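Q: Provided herewith is a single structure, encoded as structure tokens, for subsequent inquiry.
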Amino acid sequence: MRRRMLLAAPCLLALPRMGAAQAWPSRPVRIVVPFGLGGSADIAARFLAEPLSAALGQPVVVENRPGAGAVIGTDVVAKSAPDGHTLLLMSNTHTANETLLPNRPYALMRDLAPVAAINIAYHVLAVHGALAVRTVPELIARAKVMPGKLDYASSGPGTPYHIASEVFAAMAGIRLNHIPFRGSNEARTALLAGQVPLMFDAIPTMREQIVNGRVTGLGTTGPARSPLLADLPAVAETVPGFEASIWLGLMAPAGLPPPIAARLNQEVGKVLASPAGRDVMAKGGAEPMPMTIADFDAFLRRDIERQREWIRMAKIGMD
């Protein structure tokens with residue numbers, strides 16, 4: 001009898017978690033976006049919310065909790081119950097923060113669990129007309145005669161746009177001056193007003209401004225030219241090896257029951273594979289990036305190391 005009880009013990013311990021997974025979701029699911037309104041992460045979260053609500057049978061609500069380089073909203077999720085009712089919309093800002101913010105109140109791969117990768121998109125390097133440069137070589141030449149005096153805008157320290165700018169400068173052999181803003185909308189507004197002469201920004205959000213002539217596009221940051229701005233060269237055509245992107249994914253508090261994680265991964269995959277999902281992402285200049293949970297876990301760990309190498313190479317600090 002004792003032997004039977006010992007053999008049954010692991011199964012009995014698993015019952016509460018299995019029961020919780022089977023009952024999930026029992027109330028609305030929230031996706032915490034640790035960035036401001038209108039950015040690519042916010043757009044992706046709101047895009048996912050409607051089909052996930054239909055699939056899960058519960059409302060999926062988006063909650064923006066920006067601040068402190070994405071730390072505030074991320075910490076909210078890290079400290080939430082691992083029951084599948086609180087998720088984090090994250091990006092490569094988070095993998096960079098593992099190096100840039102050693103005193104953050106959580107560790108990404110310890111306190112959060114990978115759920116699903118979403119998509120990847122590239123940037124465009126844009127300048128205000130007052131700068132009077134029209135190509136990447138011209139920009140580099142201008143920066144070399146005024147080292148450290150040419151300002152660039154970003155959506156904040158540690159964001160993909162900040163890191164892209166510093167890695168570009170390091171690889172091009174120039175020095176630029178960082179002007180951080182509280183989100184990409186503010187940075188973009190400053191560029192359009194001529195308050196800051198240049199910035200890297202998401203292709204879909206800057207494309208209209210380039211087409212309308214409000215700013216000048218110099219190049220895109222993918223390994224090849226972007227179909228959305230086919231007339232622009234890739235920056236790598238001038239700075240070999242340069243590539244920069246923003247990718248998005250979903251994580252949950254550590255300890256999320258595997259059946260819930262698997263269901264979420266499956267439902268996100270369905271959205272990414274749907275004709276509507278592919279169409280929305282293509283129009284937004286993004287490519288779906290479906291992965292298994294194990295593959296996403298490995299991807300995150302590799303990106304933490306890649307970001308660490310870039311940050312050290314470009315000597316990036318949280319200015």
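By order of appearance in the structure tokens: chains A, B, ..., then residues from 1 within every chain, and ligands from 1 in the order shown.
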Which segment 38-148 of chain A residues have any atom within 12 Å of an atom of segment 169-178 of chain A, and for each, what is the nearest pair of atoms with distance in Å to one decimal, counting only C-alpha atoms, rows sorted by chain and number, as a tab-separated table?
A:
residue	atom	partner	partner_atom	distance
A:Val136	CA	A:Ala172	CA	9.8
A:Pro137	CA	A:Ala172	CA	9.4
A:Glu138	CA	A:Ala172	CA	11.8
A:Leu139	CA	A:Ile174	CA	9.9
A:Ile140	CA	A:Ile174	CA	6.9
A:Ala141	CA	A:Ile174	CA	8.8
A:Arg142	CA	A:Ile174	CA	9.5
A:Ala143	CA	A:Ile174	CA	6.2
A:Lys144	CA	A:Ile174	CA	5.8
A:Val145	CA	A:Ile174	CA	9.4
A:Met146	CA	A:Arg175	CA	8.5
A:Pro147	CA	A:Arg175	CA	5.3
A:Gly148	CA	A:Leu176	CA	4.7
Q: For the interface of segment 230-318 of chain A with segment 200-205 of chain A (cut-off 8 Å, counting only C-alpha atoms), please tabulate each contacting residue of segment 230-318 of chain A alongside its nearest pair of atoms and their separation in Å to one decimal, rows sorted by chain and increasing number, as CSV.
A:
residue,atom,partner,partner_atom,distance
A:Lys283,CA,A:Pro204,CA,7.6
A:Gly284,CA,A:Pro204,CA,5.1
A:Gly285,CA,A:Pro204,CA,5.7
Q: Would you save the residues from that selection as a PDB file, in the first residue's frame, using C-alpha atoms?
A:
ATOM      1  CA  LYS A 283       1.070  45.798 -44.729  1.00  0.00           C
ATOM      2  CA  GLY A 284       2.922  46.693 -41.556  1.00  0.00           C
ATOM      3  CA  GLY A 285       6.277  45.594 -42.944  1.00  0.00           C
TER       4      GLY A 285
END
Q: Do you have the atom CA of Ile179 of chain A-atom CA of Val167 of chain A distance handy?
A: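 So the answer is 15.6 Å.
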Q: Give me the residues near Arg263 of chain A as a ChimeraX atom specification, where near means some atom within 12 Å (using only C-alpha atoms) and where sequence neighbours in that chain fewer than 2 positions away do not count.
A: /A:21-22,24-25,52,55-56,84,115-116,256-261,265-270,292-293
Q: What are the closest atom pairs, with distances in Å to one decimal, for each residue of segment 241-295 of chain A lying within 12 Å of segment 35-51 of chain A, using only C-alpha atoms, rows by chain and rising residue number, as a tab-separated table?
A:
residue	atom	partner	partner_atom	distance
A:Ser245	CA	A:Ser40	CA	11.8
A:Ile246	CA	A:Ser40	CA	8.7
A:Trp247	CA	A:Ala41	CA	8.9
A:Leu248	CA	A:Ala41	CA	6.8
A:Gly249	CA	A:Ala41	CA	9.0
A:Leu250	CA	A:Ala45	CA	9.2
A:Leu264	CA	A:Leu48	CA	11.2
A:Glu267	CA	A:Pro51	CA	8.6
A:Val268	CA	A:Leu48	CA	7.6
A:Gly269	CA	A:Leu48	CA	10.6
A:Lys270	CA	A:Pro51	CA	9.3
A:Val271	CA	A:Pro51	CA	7.0
A:Leu272	CA	A:Leu48	CA	9.1
A:Ser274	CA	A:Pro51	CA	10.4
A:Ala276	CA	A:Pro51	CA	10.3
A:Gly277	CA	A:Phe47	CA	8.5
A:Arg278	CA	A:Phe47	CA	11.5
A:Asp279	CA	A:Phe47	CA	11.8
A:Val280	CA	A:Phe47	CA	8.6
A:Met281	CA	A:Ala44	CA	9.0
A:Gly284	CA	A:Ser40	CA	9.0
A:Gly285	CA	A:Ser40	CA	10.6
A:Ala286	CA	A:Ser40	CA	9.7
A:Pro288	CA	A:Ala44	CA	11.2
Q: I'd like to know which residues of segment 49-131 of chain A are alpha helix (DSSP H) (by DSSP, run on the backbone); could you write them as a list of chain:residue names?
A: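 Taking segment 49-131 of chain A and keeping alpha helix (DSSP H) gives A:Ala49, A:Glu50, A:Pro51, A:Leu52, A:Ser53, A:Ala54, A:Ala55, A:Leu56, A:Val71, A:Ile72, A:Gly73, A:Thr74, A:Asp75, A:Val76, A:Val77, A:Ala78, A:Asn92, A:Thr93, A:His94, A:Thr95, A:Ala96, A:Asn97, A:Glu98, A:Thr99, A:Leu100, A:Leu108, A:Met109, A:Arg110, A:Asp111.
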Q: Which is closest to Phe296 of chain A among A:Val77, A:Ile210, A:Leu112, A:Ala117, if we use only C-alpha atoms?
A: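 Closest to Phe296 of chain A, using only C-alpha atoms: A:Ala117.
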Q: Mind giving me the straight-line distance from atom CA of Asn185 of chain A to atom CA of Ile118 of chain A in Å, one decimal?
A: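 These atoms are spaced 21.9 Å apart.
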Q: Do a neighbour search on Trp310 of chain A at 9 Å with only C-alpha atoms, toss out local chain neighbours closer than 6 positions, and write the hits as a list in words.
A: Ile163, Glu166, Val167 and Ile316 of chain A
Q: Might you pull out every residue within 8 Å of segment 225-230 of chain A, with only C-alpha atoms counted and same-chain residues fewer than 2 positions away left off, and present them as JSON, numbers by chain?
A: {"A": [203, 204, 207, 220, 222, 223, 232, 233, 234, 285]}
Q: Output as a VMD selection string all residues of segment 23-149 of chain A that backbone DSSP marks as strand (DSSP E or B).
A: chain A and resid 29 to 33 60 to 64 86 to 91 112 to 127
Q: Residues as selected, N, CA, C and O atoms, written as a CSV table (one decimal), in the first residue's frame, can you do that?
A:
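The resulting file, result02.csv, is reproduced below:
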chain,number,residue,atom,x,y,z
A,29,VAL,N,-8.3,37.8,-19.9
A,29,VAL,CA,-6.8,37.7,-20.0
A,29,VAL,C,-6.3,39.1,-20.4
A,29,VAL,O,-6.8,39.7,-21.3
A,30,ARG,N,-5.3,39.6,-19.7
A,30,ARG,CA,-4.7,40.9,-20.0
A,30,ARG,C,-3.3,40.7,-20.6
A,30,ARG,O,-2.5,39.8,-20.1
A,31,ILE,N,-3.1,41.5,-21.6
A,31,ILE,CA,-1.7,41.5,-22.2
A,31,ILE,C,-1.1,42.9,-21.8
A,31,ILE,O,-1.6,43.9,-22.2
A,32,VAL,N,-0.1,42.8,-21.0
A,32,VAL,CA,0.6,44.0,-20.5
A,32,VAL,C,1.6,44.4,-21.5
A,32,VAL,O,2.5,43.6,-21.9
A,33,VAL,N,1.5,45.7,-22.0
A,33,VAL,CA,2.5,46.2,-23.0
A,33,VAL,C,3.3,47.3,-22.2
A,33,VAL,O,2.8,48.3,-21.9
A,60,VAL,N,-9.8,39.5,-24.1
A,60,VAL,CA,-8.4,39.7,-24.0
A,60,VAL,C,-8.2,41.2,-24.1
A,60,VAL,O,-8.5,41.8,-25.1
A,61,VAL,N,-7.7,41.8,-23.0
A,61,VAL,CA,-7.6,43.2,-22.9
A,61,VAL,C,-6.1,43.6,-22.9
A,61,VAL,O,-5.3,42.9,-22.4
A,62,VAL,N,-5.8,44.8,-23.5
A,62,VAL,CA,-4.5,45.3,-23.6
A,62,VAL,C,-4.3,46.4,-22.6
A,62,VAL,O,-5.1,47.3,-22.5
A,63,GLU,N,-3.2,46.3,-21.8
A,63,GLU,CA,-3.0,47.3,-20.7
A,63,GLU,C,-1.6,47.9,-20.9
A,63,GLU,O,-0.6,47.2,-20.8
A,64,ASN,N,-1.5,49.2,-21.3
A,64,ASN,CA,-0.2,49.8,-21.4
A,64,ASN,C,0.4,50.2,-20.1
A,64,ASN,O,-0.3,51.0,-19.4
A,86,THR,N,-2.4,36.7,-17.1
A,86,THR,CA,-1.5,37.9,-17.3
A,86,THR,C,-0.4,37.6,-18.2
A,86,THR,O,0.4,36.6,-17.9
A,87,LEU,N,-0.2,38.3,-19.3
A,87,LEU,CA,0.8,38.0,-20.3
A,87,LEU,C,1.6,39.3,-20.6
A,87,LEU,O,1.1,40.4,-20.3
A,88,LEU,N,2.8,39.2,-21.1
A,88,LEU,CA,3.7,40.3,-21.4
A,88,LEU,C,3.9,40.3,-22.9
A,88,LEU,O,4.4,39.3,-23.5
A,89,LEU,N,3.7,41.5,-23.5
A,89,LEU,CA,4.1,41.7,-24.9
A,89,LEU,C,5.5,42.3,-24.8
A,89,LEU,O,5.7,43.4,-24.4
A,90,MET,N,6.5,41.5,-25.3
A,90,MET,CA,7.9,41.9,-25.1
A,90,MET,C,8.6,42.0,-26.4
A,90,MET,O,8.1,41.6,-27.5
A,91,SER,N,9.8,42.6,-26.4
A,91,SER,CA,10.6,42.8,-27.6
A,91,SER,C,12.1,42.6,-27.3
A,91,SER,O,12.4,42.3,-26.2
A,112,LEU,N,10.2,35.0,-15.9
A,112,LEU,CA,9.2,34.9,-17.0
A,112,LEU,C,9.4,33.7,-17.8
A,112,LEU,O,10.5,33.1,-17.9
A,113,ALA,N,8.3,33.2,-18.4
A,113,ALA,CA,8.4,32.0,-19.2
A,113,ALA,C,8.0,32.3,-20.7
A,113,ALA,O,7.0,33.0,-20.9
A,114,PRO,N,8.8,31.8,-21.7
A,114,PRO,CA,8.5,32.0,-23.1
A,114,PRO,C,7.1,31.4,-23.4
A,114,PRO,O,6.8,30.3,-23.0
A,115,VAL,N,6.3,32.1,-24.2
A,115,VAL,CA,5.0,31.6,-24.7
A,115,VAL,C,5.0,31.5,-26.2
A,115,VAL,O,4.7,30.4,-26.7
A,116,ALA,N,5.2,32.6,-26.9
A,116,ALA,CA,5.1,32.6,-28.4
A,116,ALA,C,5.9,33.7,-28.9
A,116,ALA,O,5.8,34.8,-28.4
A,117,ALA,N,6.6,33.5,-30.0
A,117,ALA,CA,7.2,34.6,-30.8
A,117,ALA,C,6.1,35.1,-31.8
A,117,ALA,O,5.2,34.3,-32.1
A,118,ILE,N,6.2,36.3,-32.1
A,118,ILE,CA,5.1,36.9,-33.0
A,118,ILE,C,5.6,37.3,-34.3
A,118,ILE,O,5.3,36.7,-35.3
A,119,ASN,N,6.5,38.3,-34.4
A,119,ASN,CA,6.9,38.8,-35.7
A,119,ASN,C,8.3,39.5,-35.6
A,119,ASN,O,8.7,39.8,-34.5
A,120,ILE,N,8.8,39.8,-36.8
A,120,ILE,CA,10.0,40.6,-36.9
A,120,ILE,C,9.9,41.7,-38.0
A,120,ILE,O,9.2,41.4,-39.0
A,121,ALA,N,10.4,42.8,-37.7
A,121,ALA,CA,10.3,43.9,-38.7
A,121,ALA,C,11.6,44.7,-38.7
A,121,ALA,O,12.4,44.7,-37.7
A,122,TYR,N,11.9,45.4,-39.8
A,122,TYR,CA,13.1,46.2,-39.9
A,122,TYR,C,12.9,47.7,-39.8
A,122,TYR,O,11.7,48.1,-39.9
A,123,HIS,N,13.9,48.5,-39.7
A,123,HIS,CA,13.8,49.9,-39.6
A,123,HIS,C,14.2,50.6,-40.9
A,123,HIS,O,14.7,50.0,-41.8
A,124,VAL,N,13.9,51.9,-40.9
A,124,VAL,CA,14.4,52.8,-41.9
A,124,VAL,C,15.2,53.9,-41.3
A,124,VAL,O,14.8,54.4,-40.2
A,125,LEU,N,16.3,54.3,-41.9
A,125,LEU,CA,17.0,55.5,-41.4
A,125,LEU,C,16.5,56.7,-42.1
A,125,LEU,O,16.6,56.8,-43.4
A,126,ALA,N,15.9,57.6,-41.4
A,126,ALA,CA,15.3,58.8,-42.0
A,126,ALA,C,15.9,60.1,-41.5
A,126,ALA,O,16.3,60.1,-40.3
A,127,VAL,N,16.0,61.1,-42.3
A,127,VAL,CA,16.6,62.4,-41.9
A,127,VAL,C,15.6,63.5,-42.3
A,127,VAL,O,14.8,63.4,-43.2
Q: Could you work out how far atom CA of Thr221 of chain A lies from atom CA of Asp151 of chain A, giving the answer in Å with one decimal?
A: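 So the answer is 19.3 Å.
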